[in-house]
file structure.csv (CSV, C-alpha atoms)
chain,number,residue,atom,x,y,z
H,1311,MET,CA,1.3,-5.8,-18.4
H,1312,ALA,CA,0.7,-6.0,-14.7
H,1313,GLN,CA,-2.5,-7.2,-13.1
H,1314,ILE,CA,-3.7,-6.6,-9.6
H,1315,GLN,CA,-5.6,-8.6,-7.0
H,1316,SER,CA,-7.0,-7.1,-3.8
H,1317,PHE,CA,-7.8,-8.8,-0.5
H,1318,THR,CA,-9.7,-7.0,2.3
H,1319,ASN,CA,-8.2,-7.8,5.7
H,1320,ASN,CA,-8.3,-7.1,9.5
H,1321,PRO,CA,-10.9,-5.1,11.5
H,1322,TYR,CA,-10.0,-2.0,9.6
H,1323,GLN,CA,-11.1,-3.5,6.3
H,1324,GLU,CA,-7.7,-2.7,4.8
H,1325,ASN,CA,-6.9,-3.6,1.2
H,1326,THR,CA,-3.9,-5.8,0.7
H,1327,TYR,CA,-2.7,-6.0,-2.9
H,1328,ILE,CA,-0.8,-8.4,-5.0
H,1329,LEU,CA,0.6,-7.0,-8.2
H,1330,PHE,CA,1.9,-9.5,-10.8
H,1331,ASP,CA,2.7,-9.8,-14.5
H,1332,GLU,CA,3.4,-12.3,-17.2
H,1333,SER,CA,6.8,-13.1,-15.8
H,1334,GLY,CA,5.2,-14.8,-12.8
H,1335,GLU,CA,6.9,-12.5,-10.3
H,1336,CYS,CA,4.7,-10.6,-7.9
H,1337,VAL,CA,4.8,-7.8,-5.3
H,1338,ILE,CA,2.9,-7.9,-2.1
H,1339,ILE,CA,1.8,-4.4,-1.0
H,1340,ASP,CA,0.5,-3.5,2.5
H,1341,PRO,CA,-0.1,-7.1,3.9
H,1342,GLY,CA,-2.8,-6.6,6.5
H,1343,MET,CA,-3.7,-10.2,7.2
H,1344,ASP,CA,-4.8,-10.6,10.8
H,1345,SER,CA,-5.9,-14.3,11.0
H,1346,ALA,CA,-4.9,-17.7,9.6
H,1347,ARG,CA,-7.9,-17.5,7.3
H,1348,GLU,CA,-6.8,-14.2,5.8
H,1349,GLN,CA,-3.2,-15.5,5.5
H,1350,ASN,CA,-4.4,-18.6,3.7
H,1351,VAL,CA,-6.4,-16.7,1.1
H,1352,VAL,CA,-3.3,-14.7,0.1
H,1353,VAL,CA,-1.0,-17.7,0.1
H,1354,ASN,CA,-3.5,-19.8,-1.9
H,1355,PHE,CA,-3.8,-17.1,-4.5
H,1356,ILE,CA,-0.1,-16.9,-4.9
H,1357,ARG,CA,0.2,-20.7,-5.1
H,1358,ASP,CA,-2.7,-21.2,-7.4
H,1359,ASN,CA,-1.5,-18.6,-9.9
H,1360,HIS,CA,2.1,-20.0,-9.8
H,1361,LEU,CA,3.5,-16.6,-8.6
H,1362,LYS,CA,6.9,-15.9,-7.1
H,1363,PRO,CA,6.8,-13.1,-4.5
H,1364,VAL,CA,9.9,-10.9,-5.0
H,1365,LEU,CA,9.1,-7.7,-3.1
H,1366,LEU,CA,7.2,-6.7,0.0
H,1367,LEU,CA,6.2,-3.0,-0.1
H,1368,ASN,CA,4.5,-0.8,2.5
H,1369,THR,CA,2.9,2.5,1.4
H,1370,HIS,CA,3.1,3.5,5.1
H,1371,CYS,CA,3.4,1.8,8.4
H,1372,HIS,CA,0.2,2.2,10.3
H,1373,ILE,CA,-0.9,-1.0,12.1
H,1374,ASP,CA,-3.5,-2.1,9.6
H,1375,HIS,CA,-1.0,-2.0,6.7
H,1376,VAL,CA,1.8,-4.0,8.4
H,1377,LEU,CA,0.0,-6.7,10.4
H,1378,GLY,CA,1.1,-9.3,7.8
H,1379,ASN,CA,4.7,-8.2,7.4
H,1380,LYS,CA,6.1,-10.8,9.7
H,1381,PHE,CA,4.0,-13.5,8.1
H,1382,ILE,CA,5.2,-12.6,4.6
H,1383,PHE,CA,8.8,-12.6,5.9
H,1384,ASP,CA,8.3,-16.0,7.4
H,1385,GLN,CA,6.6,-17.4,4.4
H,1386,TYR,CA,8.7,-15.9,1.6
H,1387,GLY,CA,11.8,-14.4,3.2
H,1388,LEU,CA,10.9,-10.9,2.2
H,1389,LYS,CA,11.7,-7.9,4.4
H,1390,PRO,CA,9.5,-4.8,3.8
H,1391,LYS,CA,10.6,-1.8,1.8
H,1392,PHE,CA,9.2,1.6,2.7
H,1393,HIS,CA,10.5,5.2,3.2
H,1394,GLU,CA,12.8,5.6,6.2
H,1395,GLY,CA,10.6,8.3,7.5
H,1396,GLU,CA,8.0,5.6,8.3
H,1397,LEU,CA,10.3,3.7,10.6
H,1398,PRO,CA,9.1,5.6,13.8
H,1399,VAL,CA,5.5,4.8,12.7
H,1400,LEU,CA,6.3,1.1,12.5
H,1401,GLU,CA,8.2,1.1,15.8
H,1402,ALA,CA,5.2,2.7,17.5
H,1403,VAL,CA,2.9,-0.2,16.6
H,1404,VAL,CA,4.4,-2.5,19.3
H,1405,ALA,CA,3.2,-0.2,22.0
H,1406,TYR,CA,-0.3,0.6,20.8
H,1407,ALA,CA,-1.4,-2.7,19.3
H,1408,PRO,CA,-2.3,-4.3,22.7
H,1409,MET,CA,-4.4,-1.2,23.6
H,1410,MET,CA,-6.4,-1.8,20.5
H,1411,GLY,CA,-6.8,-5.5,21.2
H,1412,ILE,CA,-4.8,-6.6,18.2
H,1413,ARG,CA,-2.2,-9.3,18.3
H,1414,TYR,CA,0.8,-8.0,16.4
H,1415,GLU,CA,3.7,-10.1,15.3
H,1416,VAL,CA,6.6,-7.6,15.1
H,1417,SER,CA,7.6,-6.7,11.5
H,1418,PRO,CA,11.2,-7.0,10.4
H,1419,VAL,CA,12.8,-3.7,9.4
H,1420,PRO,CA,14.0,-3.1,5.9
H,1421,ASP,CA,17.5,-3.9,4.7
H,1422,GLU,CA,17.2,-0.9,2.4
H,1423,TYR,CA,14.7,2.0,2.3
H,1424,LEU,CA,12.9,3.4,-0.6
H,1425,PRO,CA,13.7,7.0,-1.8
H,1426,GLU,CA,11.2,9.8,-2.3
H,1427,THR,CA,11.5,9.5,-6.1
H,1428,GLY,CA,12.6,6.9,-8.6
H,1429,THR,CA,11.4,3.5,-9.7
H,1430,ILE,CA,11.4,-0.1,-8.5
H,1431,LYS,CA,11.1,-3.0,-10.8
H,1432,PHE,CA,9.9,-6.6,-10.7
H,1433,GLY,CA,9.4,-9.0,-13.6
H,1434,ASN,CA,8.5,-6.8,-16.7
H,1435,THR,CA,7.0,-4.1,-14.6
H,1436,GLU,CA,8.3,-0.7,-13.4
H,1437,LEU,CA,6.7,1.1,-10.5
H,1438,GLN,CA,7.2,4.9,-10.1
H,1439,LEU,CA,7.5,6.1,-6.5
H,1440,ILE,CA,5.3,9.1,-5.6
H,1441,PHE,CA,6.1,10.6,-2.2
H,1442,ALA,CA,2.8,11.8,-0.8
H,1443,PRO,CA,2.9,12.4,3.0
H,1444,GLY,CA,0.1,14.0,4.9
H,1445,HIS,CA,-1.8,11.0,6.2
H,1446,SER,CA,1.5,9.7,7.6
H,1447,PRO,CA,5.0,11.4,7.6
H,1448,ALA,CA,6.6,9.6,4.7
H,1449,HIS,CA,3.8,7.9,2.7
H,1450,LEU,CA,4.6,6.5,-0.8
H,1451,CYS,CA,2.3,5.6,-3.6
H,1452,PHE,CA,3.2,3.2,-6.4
H,1453,TYR,CA,2.3,4.1,-10.0
H,1454,ASP,CA,2.5,1.6,-12.9
H,1455,LYS,CA,2.5,3.8,-16.0
H,1456,GLU,CA,2.1,1.0,-18.5
H,1457,SER,CA,-1.0,-0.5,-16.7
H,1458,ASN,CA,-2.1,3.1,-15.7
H,1459,LEU,CA,-2.8,2.1,-12.1
H,1460,LEU,CA,-1.9,3.6,-8.8
H,1461,VAL,CA,-1.6,1.7,-5.5
H,1462,GLY,CA,-2.3,4.7,-3.4
H,1463,GLY,CA,-2.5,3.6,0.3
H,1464,ASP,CA,-4.3,6.1,2.5
H,1465,VAL,CA,-3.9,9.3,0.5
H,1466,LEU,CA,-7.0,9.3,-1.8
H,1467,PHE,CA,-10.2,7.3,-1.4
H,1468,ARG,CA,-13.3,7.1,-3.5
H,1469,GLY,CA,-15.1,10.2,-2.3
H,1470,SER,CA,-12.7,10.9,0.6
H,1471,ILE,CA,-9.1,11.5,1.6
H,1472,GLY,CA,-6.8,10.0,4.2
H,1473,ARG,CA,-7.3,11.1,7.8
H,1474,THR,CA,-4.7,13.6,9.1
H,1475,ASP,CA,-5.4,13.5,12.9
H,1476,LEU,CA,-2.9,10.8,13.6
H,1477,PRO,CA,0.7,11.5,14.7
H,1478,GLY,CA,2.7,12.8,11.7
H,1479,GLY,CA,-0.5,13.8,9.8
H,1480,ASN,CA,-0.8,17.1,8.1
H,1481,PHE,CA,-4.0,18.2,6.3
H,1482,SER,CA,-2.5,20.9,4.1
H,1483,GLN,CA,0.4,18.7,3.1
H,1484,LEU,CA,-1.9,15.9,2.1
H,1485,MET,CA,-4.1,18.2,0.0
H,1486,ASP,CA,-1.1,19.7,-1.7
H,1487,ASN,CA,0.3,16.2,-2.6
H,1488,ILE,CA,-3.1,15.1,-4.0
H,1489,GLU,CA,-3.4,18.2,-6.0
H,1490,HIS,CA,0.2,18.4,-7.4
H,1491,LYS,CA,1.2,14.8,-7.5
H,1492,LEU,CA,-1.8,12.5,-7.9
H,1493,PHE,CA,-4.0,14.8,-9.9
H,1494,THR,CA,-1.2,15.1,-12.5
H,1495,LEU,CA,-1.7,11.5,-13.4
H,1496,PRO,CA,-4.1,10.6,-16.3
H,1497,ASP,CA,-7.8,11.0,-15.6
H,1498,ASP,CA,-8.4,7.4,-16.5
H,1499,CYS,CA,-5.7,6.1,-14.1
H,1500,THR,CA,-7.3,3.6,-11.7
H,1501,VAL,CA,-6.6,4.2,-8.1
H,1502,TYR,CA,-6.5,1.2,-5.7
H,1503,PRO,CA,-6.7,2.7,-2.2
H,1504,GLY,CA,-5.9,1.3,1.2
H,1505,HIS,CA,-9.6,1.1,2.1
H,1506,GLY,CA,-12.8,0.9,0.1
H,1507,PRO,CA,-13.4,0.5,-3.6
H,1508,LYS,CA,-11.2,1.5,-6.4
H,1509,THR,CA,-11.7,4.8,-8.2
H,1510,THR,CA,-10.1,6.9,-10.9
H,1511,ILE,CA,-8.2,10.2,-10.8
H,1512,GLY,CA,-10.8,11.8,-13.1
H,1513,TYR,CA,-13.7,10.7,-11.0
H,1514,GLU,CA,-12.2,12.1,-7.8
H,1515,LYS,CA,-11.3,15.4,-9.6
H,1516,GLN,CA,-15.0,15.8,-10.5
H,1517,THR,CA,-16.8,14.4,-7.4
H,1518,ASN,CA,-14.6,14.2,-4.3
H,1519,PRO,CA,-16.1,16.7,-1.8
H,1520,PHE,CA,-12.7,17.5,-0.3
H,1521,LEU,CA,-11.2,18.4,-3.7
H,1522,THR,CA,-13.9,19.9,-5.9
call {"tool": "encode", "arguments": {"input": "structure.csv", "output": "C-alpha cells"}}
result
Amino acid sequence: MAQIQSFTNNPYQENTYILFDESGECVIIDPGMDSAREQNVVVNFIRDNHLKPVLLLNTHCHIDHVLGNKFIFDQYGLKPKFHEGELPVLEAVVAYAPMMGIRYEVSPVPDEYLPETGTIKFGNTELQLIFAPGHSPAHLCFYDKESNLLVGGDVLFRGSIGRTDLPGGNFSQLMDNIEHKLFTLPDDCTVYPGHGPKTTIGYEKQTNPFLT
C-alpha cells in the first residue's frame, strides 16, 4: 500500500509529494523546490528511504508546481508527465518568472502526455487519472483507490478551492468537476492539496464554504 510524504516549497508554499510503496519505487508529484536547501530535503528523503524515483508527474504547470522539474530531470533522468493541454501553461513560465523575481530553470517537456482518463502504475500501486480543469486548462488529479488518497493539486483545498482568475481558469468548470468527479470519491478519502493542510472529501462536503 502506498505511503505519501509532503514537502512545502518555494515562496508560494506549494506542496511537493513523494508517493512510494513497499516495492521501493516512488513517484515525485509537482516538484516545487526553489533552493538548494529544498532540493536537498527531497533528495535526502529519497536516499534515506532507499527509494527509486520512476515517474515525475505534474497535476498542472503553474510556476510553483514545476520549479523543480529540471532538477528532478538532472538528478534522476525523469521527464515530466502531464496532460498536453498544460503545455502552453508550462511554456508561459519562461516569460513571467523573471517578472516575479523567480529564477526558473526551464523544465523539459514530456516524451508522452497523460490522457484525461485511465491509470498509471508504479511498483505495486495504481493511480487513477481524474481530469479536473477549472484552475488550469487541463488539470489532473491522481487517485490511489487502495490507499484511498487523492493528490489533488490546486482543485480543492481545506476550506477553499483553486483560484480561477488565471489564464485558462473557469469557475463554473472547476465547481462542476469538484461536484461530479471529486465528490464521488469516498467521504473518508484523504485529499493532499497543492497548498495547505490535507483534508477529506467528507469534511469538504460538510464545511467548505464554496460547496456547502
call {"tool": "closest_atom_pairs", "arguments": {"input": "structure.csv", "of": "region 1404-1448 of chain H", "to": "region 1357-1380 of chain H", "cutoff": "8 Å", "atoms": "all atoms listed in the file", "output": "Markdown table"}}
result
| residue | atom | partner | partner_atom | distance |
| --- | --- | --- | --- | --- |
| H:Ala1407 | CA | H:Ile1373 | CA | 7.4 |
| H:Tyr1414 | CA | H:Leu1377 | CA | 6.2 |
| H:Glu1415 | CA | H:Lys1380 | CA | 6.1 |
| H:Val1416 | CA | H:Lys1380 | CA | 6.3 |
| H:Ser1417 | CA | H:Lys1380 | CA | 4.7 |
| H:Pro1418 | CA | H:Lys1380 | CA | 6.4 |
| H:Phe1432 | CA | H:Val1364 | CA | 7.1 |
| H:Ser1446 | CA | H:His1370 | CA | 6.9 |
| H:Ala1448 | CA | H:His1370 | CA | 7.0 |
call {"tool": "atom_distance", "arguments": {"input": "structure.csv", "atom1": "CA of Arg1347 (chain H)", "atom2": "CA of Pro1390 (chain H)"}}
result
21.8 Å
call {"tool": "residues_around", "arguments": {"input": "structure.csv", "residues": "Thr1326 (chain H)", "least_positions_apart": "3", "cutoff": "6 Å", "atoms": "all atoms listed in the file", "output": "PDB file with C-alpha atoms, keeping the file's coordinate frame"}}
result
ATOM      1  CA  SER H1316      -7.000  -7.100  -3.800  1.00  0.00           C
ATOM      2  CA  PHE H1317      -7.800  -8.800  -0.500  1.00  0.00           C
ATOM      3  CA  ASP H1340       0.500  -3.500   2.500  1.00  0.00           C
ATOM      4  CA  PRO H1341      -0.100  -7.100   3.900  1.00  0.00           C
ATOM      5  CA  GLY H1342      -2.800  -6.600   6.500  1.00  0.00           C
TER       6      GLY H1342
END
call {"tool": "residues_around", "arguments": {"input": "structure.csv", "residues": "Asp1464 (chain H)", "least_positions_apart": "3", "cutoff": "8 Å", "atoms": "all atoms listed in the file", "output": "list in words"}}
result
His1445, Phe1467, Ile1471, Gly1472, Arg1473, Pro1503, Gly1504 and His1505 of chain H
call {"tool": "write_last_selection", "arguments": {"input": "structure.csv", "atoms": "C-alpha atoms", "output": "PDB file, in the coordinates of the input"}}
result
ATOM      1  CA  HIS H1445      -1.800  11.000   6.200  1.00  0.00           C
ATOM      2  CA  PHE H1467     -10.200   7.300  -1.400  1.00  0.00           C
ATOM      3  CA  ILE H1471      -9.100  11.500   1.600  1.00  0.00           C
ATOM      4  CA  GLY H1472      -6.800  10.000   4.200  1.00  0.00           C
ATOM      5  CA  ARG H1473      -7.300  11.100   7.800  1.00  0.00           C
ATOM      6  CA  PRO H1503      -6.700   2.700  -2.200  1.00  0.00           C
ATOM      7  CA  GLY H1504      -5.900   1.300   1.200  1.00  0.00           C
ATOM      8  CA  HIS H1505      -9.600   1.100   2.100  1.00  0.00           C
TER       9      HIS H1505
END
call {"tool": "residues_around", "arguments": {"input": "structure.csv", "residues": "Asp1331 (chain H)", "least_positions_apart": "6", "cutoff": "10 Å", "atoms": "all atoms listed in the file", "output": "list in words"}}
result
Met1311, Ala1312, Gln1313, Ile1314, Val1337, Leu1361, Phe1432, Gly1433, Asn1434 and Thr1435 of chain H
call {"tool": "closest_residue", "arguments": {"input": "structure.csv", "among": "H:Met1409, H:Val1403, H:Leu1495, H:Cys1451", "to": "Ile1430 (chain H)", "atoms": "only C-alpha atoms"}}
result
H:Cys1451
call {"tool": "atom_distance", "arguments": {"input": "structure.csv", "atom1": "CA of Asn1354 (chain H)", "atom2": "CA of Ile1328 (chain H)"}}
result
12.1 Å
call {"tool": "closest_residue", "arguments": {"input": "structure.csv", "among": "H:Pro1496, H:Gly1512, H:Pro1519, H:Gly1387", "to": "Asn1458 (chain H)", "atoms": "all atoms listed in the file"}}
result
H:Pro1496
call {"tool": "atom_distance", "arguments": {"input": "structure.csv", "atom1": "CA of Lys1391 (chain H)", "atom2": "CA of Cys1336 (chain H)"}}
result
14.4 Å
call {"tool": "axis_aligned_box", "arguments": {"input": "structure.csv", "around": "region 1334-1346 of chain H", "padding_each_side": "6 Å", "output": "lines of an AutoDock Vina configuration file"}}
result
center_x = 0.5
center_y = -10.6
center_z = -0.9
size_x = 24.8
size_y = 26.2
size_z = 35.8
call {"tool": "residues_around", "arguments": {"input": "structure.csv", "residues": "Ala1442 (chain H)", "least_positions_apart": "2", "cutoff": "8 Å", "atoms": "all atoms listed in the file", "output": "ChimeraX atom specification"}}
result
/H:1440,1444,1448-1451,1465,1484,1487-1488,1491
call {"tool": "closest_residue", "arguments": {"input": "structure.csv", "among": "H:Gly1506, H:Pro1398, H:Gly1469, H:Pro1443", "to": "Phe1481 (chain H)", "atoms": "all atoms listed in the file"}}
result
H:Pro1443
call {"tool": "residues_around", "arguments": {"input": "structure.csv", "residues": "Thr1517 (chain H)", "least_positions_apart": "3", "cutoff": "10 Å", "atoms": "only C-alpha atoms", "output": "PyMOL selection string"}}
result
chain H and resi 1468-1470+1512-1514+1520-1522
call {"tool": "write_last_selection", "arguments": {"input": "structure.csv", "atoms": "C-alpha atoms", "output": "PDB file, in the coordinates of the input"}}
result
ATOM      1  CA  ARG H1468     -13.300   7.100  -3.500  1.00  0.00           C
ATOM      2  CA  GLY H1469     -15.100  10.200  -2.300  1.00  0.00           C
ATOM      3  CA  SER H1470     -12.700  10.900   0.600  1.00  0.00           C
ATOM      4  CA  GLY H1512     -10.800  11.800 -13.100  1.00  0.00           C
ATOM      5  CA  TYR H1513     -13.700  10.700 -11.000  1.00  0.00           C
ATOM      6  CA  GLU H1514     -12.200  12.100  -7.800  1.00  0.00           C
ATOM      7  CA  PHE H1520     -12.700  17.500  -0.300  1.00  0.00           C
ATOM      8  CA  LEU H1521     -11.200  18.400  -3.700  1.00  0.00           C
ATOM      9  CA  THR H1522     -13.900  19.900  -5.900  1.00  0.00           C
TER      10      THR H1522
END
call {"tool": "build_atoms", "arguments": {"input": "structure.csv", "residues": "region 1316-1327 of chain H", "atoms": "all heavy atoms", "output": "short mmCIF file (atom, residue, chain, number, x, y, z; two decimals), keeping the file's coordinate frame"}}
result
data_model
loop_
_atom_site.label_atom_id
_atom_site.label_comp_id
_atom_site.auth_asym_id
_atom_site.auth_seq_id
_atom_site.Cartn_x
_atom_site.Cartn_y
_atom_site.Cartn_z
N SER H 1316 -6.88 -7.70 -5.12
CA SER H 1316 -7.00 -7.10 -3.80
C SER H 1316 -7.63 -8.12 -2.82
O SER H 1316 -8.40 -9.02 -3.21
CB SER H 1316 -7.87 -5.85 -3.83
OG SER H 1316 -9.20 -6.16 -4.17
N PHE H 1317 -7.29 -7.95 -1.53
CA PHE H 1317 -7.80 -8.80 -0.50
C PHE H 1317 -8.15 -7.81 0.69
O PHE H 1317 -7.31 -7.01 1.09
CB PHE H 1317 -6.78 -9.78 0.03
CG PHE H 1317 -6.19 -10.62 -1.06
CD1 PHE H 1317 -5.10 -10.15 -1.80
CD2 PHE H 1317 -6.70 -11.87 -1.37
CE1 PHE H 1317 -4.55 -10.91 -2.83
CE2 PHE H 1317 -6.15 -12.64 -2.39
CZ PHE H 1317 -5.08 -12.16 -3.12
N THR H 1318 -9.36 -7.90 1.22
CA THR H 1318 -9.70 -7.00 2.30
C THR H 1318 -9.50 -7.75 3.64
O THR H 1318 -10.02 -8.85 3.85
CB THR H 1318 -11.22 -6.60 2.20
OG1 THR H 1318 -11.39 -5.95 0.94
CG2 THR H 1318 -11.59 -5.63 3.30
N ASN H 1319 -8.69 -7.12 4.51
CA ASN H 1319 -8.20 -7.80 5.70
C ASN H 1319 -8.39 -6.96 6.97
O ASN H 1319 -8.49 -5.74 6.91
CB ASN H 1319 -6.72 -8.12 5.55
CG ASN H 1319 -6.45 -9.21 4.55
OD1 ASN H 1319 -7.15 -10.21 4.51
ND2 ASN H 1319 -5.43 -9.03 3.72
N ASN H 1320 -8.40 -7.64 8.08
CA ASN H 1320 -8.30 -7.10 9.50
C ASN H 1320 -9.55 -6.25 9.83
O ASN H 1320 -10.37 -5.90 8.97
CB ASN H 1320 -6.99 -6.46 9.77
CG ASN H 1320 -6.72 -5.14 9.04
OD1 ASN H 1320 -7.52 -4.22 9.09
ND2 ASN H 1320 -5.57 -5.08 8.37
N PRO H 1321 -9.69 -5.91 11.11
CA PRO H 1321 -10.90 -5.10 11.50
C PRO H 1321 -11.01 -3.78 10.87
O PRO H 1321 -12.11 -3.21 10.87
CB PRO H 1321 -10.63 -4.98 13.06
CG PRO H 1321 -9.74 -6.11 13.44
CD PRO H 1321 -8.85 -6.32 12.27
N TYR H 1322 -9.93 -3.27 10.30
CA TYR H 1322 -10.00 -2.00 9.60
C TYR H 1322 -10.39 -2.06 8.17
O TYR H 1322 -10.42 -1.04 7.48
CB TYR H 1322 -8.62 -1.26 9.75
CG TYR H 1322 -8.21 -0.97 11.17
CD1 TYR H 1322 -7.43 -1.87 11.88
CD2 TYR H 1322 -8.61 0.20 11.80
CE1 TYR H 1322 -7.05 -1.62 13.20
CE2 TYR H 1322 -8.25 0.46 13.11
CZ TYR H 1322 -7.46 -0.45 13.80
OH TYR H 1322 -7.10 -0.20 15.10
N GLN H 1323 -10.67 -3.27 7.72
CA GLN H 1323 -11.10 -3.50 6.30
C GLN H 1323 -10.03 -2.87 5.36
O GLN H 1323 -10.35 -2.12 4.44
CB GLN H 1323 -12.46 -2.89 6.06
CG GLN H 1323 -13.56 -3.57 6.87
CD GLN H 1323 -13.80 -5.01 6.42
OE1 GLN H 1323 -14.40 -5.25 5.38
NE2 GLN H 1323 -13.33 -5.98 7.20
N GLU H 1324 -8.79 -3.21 5.61
CA GLU H 1324 -7.70 -2.70 4.80
C GLU H 1324 -7.49 -3.53 3.57
O GLU H 1324 -7.68 -4.74 3.58
CB GLU H 1324 -6.39 -2.72 5.68
CG GLU H 1324 -5.15 -2.23 4.98
CD GLU H 1324 -4.33 -3.35 4.34
OE1 GLU H 1324 -4.66 -4.54 4.52
OE2 GLU H 1324 -3.36 -3.03 3.64
N ASN H 1325 -7.11 -2.86 2.49
CA ASN H 1325 -6.90 -3.60 1.20
C ASN H 1325 -5.41 -3.95 1.08
O ASN H 1325 -4.53 -3.09 1.02
CB ASN H 1325 -7.26 -2.67 0.04
CG ASN H 1325 -8.75 -2.41 -0.03
OD1 ASN H 1325 -9.55 -3.23 0.38
ND2 ASN H 1325 -9.12 -1.25 -0.56
N THR H 1326 -5.18 -5.25 1.01
CA THR H 1326 -3.90 -5.80 0.70
C THR H 1326 -3.86 -6.08 -0.82
O THR H 1326 -4.85 -6.55 -1.37
CB THR H 1326 -3.65 -7.12 1.46
OG1 THR H 1326 -3.61 -6.83 2.86
CG2 THR H 1326 -2.37 -7.82 1.02
N TYR H 1327 -2.74 -5.78 -1.47
CA TYR H 1327 -2.70 -6.00 -2.90
C TYR H 1327 -1.54 -6.89 -3.33
O TYR H 1327 -0.45 -6.85 -2.75
CB TYR H 1327 -2.49 -4.61 -3.63
CG TYR H 1327 -3.69 -3.71 -3.52
CD1 TYR H 1327 -3.68 -2.61 -2.65
CD2 TYR H 1327 -4.84 -3.94 -4.26
CE1 TYR H 1327 -4.78 -1.78 -2.53
CE2 TYR H 1327 -5.96 -3.12 -4.15
CZ TYR H 1327 -5.91 -2.04 -3.29
OH TYR H 1327 -7.02 -1.23 -3.17
#
